[in-house]
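Q: Structure provided below as structure tokens; questions to follow.
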Amino acid sequence: MSKPKPEIVPATDGHIPTIAAHVRDADRAELWGVGCVTPLECLRYGLEYSRMARTGLMDGVPVCMFGVVPSSILGNVGRPWMVGTHHLDVHPFVFLRRCRGCVAEMREGFERLENYVDARNRRAIQWLTWLGFEIDPAAEKLGPFGLPFFRFGMGGCDDYQG
């Protein structure tokens, strides 16, 4: 059995259909829980508004898309995001090792990276912790269903309690 070949490439519109068709259940639930957003909507928005957007490929097949969107035109906080597919779960460590270098690229131009993760999405929480993000232990109720989400962040902002 050959070793899978992971790559991280600039994200394109062409990657979106494959990723949207195979989104992990936990990612789909998180997007819907935070604001009734579909994976297709999230991927299109993320690609259009991100300062940096990348697609993870495994043997040439898109397995995830991620990036960082400015929180506002005046602020210096970036909102990291990622949508993964079931295929990412087949060889997670092969791909995830390559992700660490992308965090430094995400931080370029931002004092702080910060966003929220669904408290039910344990795999995403583990991934964020492994990448070096701080996870606030106190969950906040967010979205139209009042589901628990943890704030996560990296760098800057002395008032952050993560």
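Identifiers in this document derive from the order of the structure tokens: chains are assigned A, B, ..., residues are numbered from 1 separately in each chain, and ligands are numbered from 1 in order of occurrence.
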Any chance you could list, as a compact mmCIF listing (two decimals) with N, CA, C and O atoms, in the first residue's frame, the residues in segment 46-140 of chain A that come up alpha helix (DSSP H) when DSSP is run on the backbone?

A:
# COMPACT_ATOMS: atom_id res chain seq x y z
N GLY A 46 -16.03 31.83 2.57
CA GLY A 46 -14.64 31.76 3.01
C GLY A 46 -13.66 32.04 1.89
O GLY A 46 -12.68 32.77 2.07
N LEU A 47 -13.90 31.47 0.73
CA LEU A 47 -13.00 31.69 -0.40
C LEU A 47 -13.04 33.15 -0.85
O LEU A 47 -12.00 33.75 -1.13
N GLU A 48 -14.22 33.74 -0.87
CA GLU A 48 -14.34 35.13 -1.35
C GLU A 48 -13.73 36.15 -0.39
O GLU A 48 -13.11 37.10 -0.82
N TYR A 49 -13.89 35.94 0.92
CA TYR A 49 -13.49 36.97 1.88
C TYR A 49 -12.19 36.70 2.64
O TYR A 49 -11.73 37.57 3.38
N PRO A 92 -5.60 11.26 9.00
CA PRO A 92 -5.55 12.61 9.57
C PRO A 92 -4.15 13.11 9.88
O PRO A 92 -3.84 14.27 9.62
N PHE A 93 -3.28 12.27 10.40
CA PHE A 93 -1.97 12.76 10.83
C PHE A 93 -1.05 13.07 9.66
O PHE A 93 -0.23 13.98 9.72
N VAL A 94 -1.20 12.35 8.56
CA VAL A 94 -0.40 12.62 7.37
C VAL A 94 -0.67 14.04 6.89
O VAL A 94 0.24 14.79 6.56
N PHE A 95 -1.93 14.44 6.90
CA PHE A 95 -2.29 15.77 6.44
C PHE A 95 -2.05 16.84 7.51
O PHE A 95 -1.51 17.91 7.22
N LEU A 96 -2.44 16.55 8.75
CA LEU A 96 -2.39 17.57 9.79
C LEU A 96 -0.98 18.06 10.08
O LEU A 96 -0.80 19.21 10.47
N ARG A 97 0.03 17.22 9.87
CA ARG A 97 1.40 17.68 10.08
C ARG A 97 1.73 18.87 9.18
O ARG A 97 2.49 19.74 9.55
N ARG A 98 1.16 18.88 8.01
CA ARG A 98 1.41 19.98 7.06
C ARG A 98 0.68 21.26 7.44
O ARG A 98 1.01 22.33 6.96
N CYS A 99 -0.34 21.15 8.28
CA CYS A 99 -1.15 22.32 8.64
C CYS A 99 -0.45 23.29 9.57
O CYS A 99 -0.76 24.48 9.56
N ARG A 100 0.48 22.80 10.37
CA ARG A 100 1.13 23.69 11.35
C ARG A 100 1.78 24.89 10.68
O ARG A 100 1.70 26.00 11.20
N GLY A 101 2.44 24.69 9.54
CA GLY A 101 3.07 25.80 8.84
C GLY A 101 2.08 26.82 8.34
O GLY A 101 2.41 28.00 8.18
N CYS A 102 0.85 26.41 8.11
CA CYS A 102 -0.17 27.34 7.61
C CYS A 102 -0.64 28.31 8.69
O CYS A 102 -1.12 29.39 8.37
N VAL A 103 -0.52 27.93 9.96
CA VAL A 103 -0.95 28.83 11.04
C VAL A 103 -0.10 30.10 11.02
O VAL A 103 -0.62 31.21 11.17
N ALA A 104 1.20 29.97 10.80
CA ALA A 104 2.07 31.15 10.71
C ALA A 104 1.64 32.04 9.55
O ALA A 104 1.60 33.27 9.68
N GLU A 105 1.27 31.43 8.45
CA GLU A 105 0.80 32.20 7.30
C GLU A 105 -0.53 32.89 7.62
O GLU A 105 -0.75 34.04 7.24
N MET A 106 -1.41 32.22 8.35
CA MET A 106 -2.68 32.82 8.75
C MET A 106 -2.47 34.05 9.63
O MET A 106 -3.21 35.02 9.53
N ARG A 107 -1.44 34.00 10.47
CA ARG A 107 -1.20 35.09 11.43
C ARG A 107 -0.65 36.35 10.77
O ARG A 107 -0.71 37.42 11.37
N ARG A 122 -15.52 17.50 18.93
CA ARG A 122 -14.30 17.12 19.67
C ARG A 122 -13.08 17.02 18.77
O ARG A 122 -11.98 17.40 19.17
N ARG A 123 -13.23 16.50 17.58
CA ARG A 123 -12.09 16.36 16.67
C ARG A 123 -11.52 17.74 16.31
O ARG A 123 -10.32 17.92 16.29
N ALA A 124 -12.39 18.70 16.05
CA ALA A 124 -11.93 20.05 15.73
C ALA A 124 -11.22 20.68 16.93
O ALA A 124 -10.21 21.37 16.77
N ILE A 125 -11.74 20.46 18.12
CA ILE A 125 -11.12 21.00 19.34
C ILE A 125 -9.73 20.41 19.52
O ILE A 125 -8.77 21.12 19.83
N GLN A 126 -9.59 19.11 19.31
CA GLN A 126 -8.27 18.46 19.41
C GLN A 126 -7.31 19.02 18.37
O GLN A 126 -6.14 19.27 18.66
N TRP A 127 -7.78 19.20 17.15
CA TRP A 127 -6.96 19.74 16.06
C TRP A 127 -6.48 21.15 16.40
O TRP A 127 -5.30 21.47 16.25
N LEU A 128 -7.39 22.00 16.89
CA LEU A 128 -7.04 23.38 17.25
C LEU A 128 -6.00 23.41 18.36
O LEU A 128 -5.05 24.19 18.32
N THR A 129 -6.18 22.56 19.37
CA THR A 129 -5.23 22.48 20.47
C THR A 129 -3.87 22.04 19.96
O THR A 129 -2.83 22.61 20.32
N TRP A 130 -3.84 21.04 19.10
CA TRP A 130 -2.59 20.53 18.53
C TRP A 130 -1.87 21.62 17.72
O TRP A 130 -0.65 21.70 17.73
N LEU A 131 -2.65 22.49 17.07
CA LEU A 131 -2.06 23.58 16.28
C LEU A 131 -1.55 24.72 17.16
O LEU A 131 -0.88 25.61 16.66

Q: Which polymer residues have any atom within 12 Å of an atom of Ala139 of chain A, counting only C-alpha atoms, with same-chain residues fewer than 6 positions away left out, as an MDAnalysis selection string?

A: chainID A and resid 116:120 146:152 162

Q: Rank A:Gly132, A:Gly56, A:Pro144, A:Gly109 by their smallest atom-to-atom distance to Ile19 of chain A, using only C-alpha atoms, and report the top residue only.

A: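 Nearest to Ile19 of chain A: A:Gly56.
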
Q: Hey, what's within 9 Å of Leu43 of chain A if we count only C-alpha atoms and toss same-chain stuff fewer than 4 positions away? As a ChimeraX atom specification, please?

A: /A:13,16,19-20,38-39,47-48,65-66,82-83

Q: Take the residues from that selection and write them out as a short mmCIF file (atom, residue, chain, number, x, y, z; two decimals), in the first residue's frame, keeping N, CA, C and O atoms.

A:
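Saved the output as again-v8.cif:
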data_model
loop_
_atom_site.label_atom_id
_atom_site.label_comp_id
_atom_site.auth_asym_id
_atom_site.auth_seq_id
_atom_site.Cartn_x
_atom_site.Cartn_y
_atom_site.Cartn_z
N ASP A 13 -12.43 27.90 -6.64
CA ASP A 13 -13.85 27.53 -6.78
C ASP A 13 -14.01 26.07 -7.17
O ASP A 13 -14.98 25.43 -6.78
N ILE A 16 -14.57 23.48 -4.33
CA ILE A 16 -15.76 23.59 -3.49
C ILE A 16 -16.75 22.44 -3.68
O ILE A 16 -17.19 21.86 -2.69
N ILE A 19 -15.59 19.16 -1.89
CA ILE A 19 -15.59 19.28 -0.43
C ILE A 19 -17.02 19.34 0.11
O ILE A 19 -17.37 18.61 1.04
N ALA A 20 -17.87 20.17 -0.50
CA ALA A 20 -19.26 20.32 -0.04
C ALA A 20 -20.01 19.00 -0.09
O ALA A 20 -20.87 18.73 0.76
N THR A 38 -25.01 26.40 5.21
CA THR A 38 -24.66 25.14 4.57
C THR A 38 -23.16 25.12 4.29
O THR A 38 -22.53 26.17 4.20
N PRO A 39 -22.58 23.94 4.11
CA PRO A 39 -21.16 23.87 3.74
C PRO A 39 -20.86 24.64 2.45
O PRO A 39 -19.85 25.34 2.38
N LEU A 47 -13.90 31.47 0.73
CA LEU A 47 -13.00 31.69 -0.40
C LEU A 47 -13.04 33.15 -0.85
O LEU A 47 -12.00 33.75 -1.13
N GLU A 48 -14.22 33.74 -0.87
CA GLU A 48 -14.34 35.13 -1.35
C GLU A 48 -13.73 36.15 -0.39
O GLU A 48 -13.11 37.10 -0.82
N MET A 65 -10.93 22.63 3.16
CA MET A 65 -10.58 24.00 2.78
C MET A 65 -10.52 24.80 4.07
O MET A 65 -11.33 24.60 4.97
N PHE A 66 -9.56 25.69 4.18
CA PHE A 66 -9.41 26.51 5.37
C PHE A 66 -8.84 27.86 5.00
O PHE A 66 -8.32 28.06 3.90
N MET A 82 -12.24 26.30 8.95
CA MET A 82 -11.92 25.11 8.18
C MET A 82 -13.17 24.26 8.02
O MET A 82 -13.97 24.15 8.95
N VAL A 83 -13.33 23.68 6.84
CA VAL A 83 -14.39 22.72 6.57
C VAL A 83 -13.70 21.47 6.04
O VAL A 83 -12.95 21.53 5.06
#

Q: Show which residues sit within 7 Å of Gly78 of chain A, as a VMD selection string. Count only C-alpha atoms, and ignore same-chain residues fewer than 6 positions away.

A: chain A and resid 68 to 71 110 112 to 114

Q: Based on the selection just made, write C-alpha atoms of those residues as a CSV table (one decimal), in the first residue's frame.

A:
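Result file follows (part.csv):
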chain,number,residue,atom,x,y,z
A,68,VAL,CA,-8.7,33.3,7.6
A,69,VAL,CA,-11.2,36.1,7.2
A,70,PRO,CA,-10.6,39.6,8.7
A,71,SER,CA,-13.1,40.3,11.5
A,110,PHE,CA,-3.2,40.0,12.3
A,112,ARG,CA,-4.7,37.8,16.9
A,113,LEU,CA,-6.6,34.9,15.5
A,114,GLU,CA,-9.9,34.1,17.1

Q: Atom CA of Asn115 of chain A and atom CA of Pro80 of chain A, how far apart in Å?

A: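 Answer for the atom CA of Pro80 of chain A to atom CA of Asn115 of chain A separation: 6.4 Å.
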
Q: What is the atom CA of Ile8 of chain A-atom CA of Leu57 of chain A distance in Å, reported with one decimal?

A: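 According to the coordinates, atom CA of Ile8 of chain A and atom CA of Leu57 of chain A are separated by 6.1 Å.
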
Q: May I have all residues of chain A that DSSP, computed from the backbone, assigns to strand (DSSP E or B), given as a ChimeraX atom specification?

A: /A:6-10,23,52-58,61-70,77-85,112-118,134-135,140-142,147-154

Q: Contacts of Thr12 of chain A at 9 Å or less, counting only C-alpha atoms, minus same-chain residues fewer than 2 places along, as a ChimeraX atom specification?

A: /A:9-10,14-16,47,53-55

Q: I need the residues from that last selection saved to file as a CSV table (one decimal), in the first residue's frame (with N, CA, C and O atoms), if you can.

A:
chain,number,residue,atom,x,y,z
A,9,VAL,N,-2.6,23.6,-1.2
A,9,VAL,CA,-2.6,24.5,-2.4
A,9,VAL,C,-3.5,25.6,-2.2
A,9,VAL,O,-4.4,25.6,-1.4
A,10,PRO,N,-3.3,26.7,-3.0
A,10,PRO,CA,-4.3,27.8,-3.0
A,10,PRO,C,-5.7,27.3,-3.3
A,10,PRO,O,-5.9,26.5,-4.2
A,14,GLY,N,-13.1,25.6,-7.9
A,14,GLY,CA,-13.2,24.2,-8.4
A,14,GLY,C,-13.1,23.1,-7.3
A,14,GLY,O,-13.5,22.0,-7.5
A,15,HIS,N,-12.5,23.5,-6.2
A,15,HIS,CA,-12.4,22.6,-5.0
A,15,HIS,C,-13.7,22.5,-4.3
A,15,HIS,O,-14.0,21.5,-3.6
A,16,ILE,N,-14.6,23.5,-4.3
A,16,ILE,CA,-15.8,23.6,-3.5
A,16,ILE,C,-16.8,22.4,-3.7
A,16,ILE,O,-17.2,21.9,-2.7
A,47,LEU,N,-13.9,31.5,0.7
A,47,LEU,CA,-13.0,31.7,-0.4
A,47,LEU,C,-13.0,33.1,-0.9
A,47,LEU,O,-12.0,33.7,-1.1
A,53,ALA,N,-6.6,31.6,1.7
A,53,ALA,CA,-7.5,30.4,1.7
A,53,ALA,C,-6.7,29.2,1.0
A,53,ALA,O,-6.1,29.5,0.0
A,54,ARG,N,-6.8,28.1,1.6
A,54,ARG,CA,-6.0,26.9,1.1
A,54,ARG,C,-6.9,25.7,1.1
A,54,ARG,O,-7.9,25.6,1.8
A,55,THR,N,-6.6,24.8,0.2
A,55,THR,CA,-7.3,23.5,0.1
A,55,THR,C,-6.3,22.4,0.4
A,55,THR,O,-5.1,22.4,-0.1

Q: What lies within 12 Å of Cys36 of chain A using only C-alpha atoms, ignoring chain neighbours under 4 positions off, as a ChimeraX atom specification?

A: /A:28-32,40-42,142-145
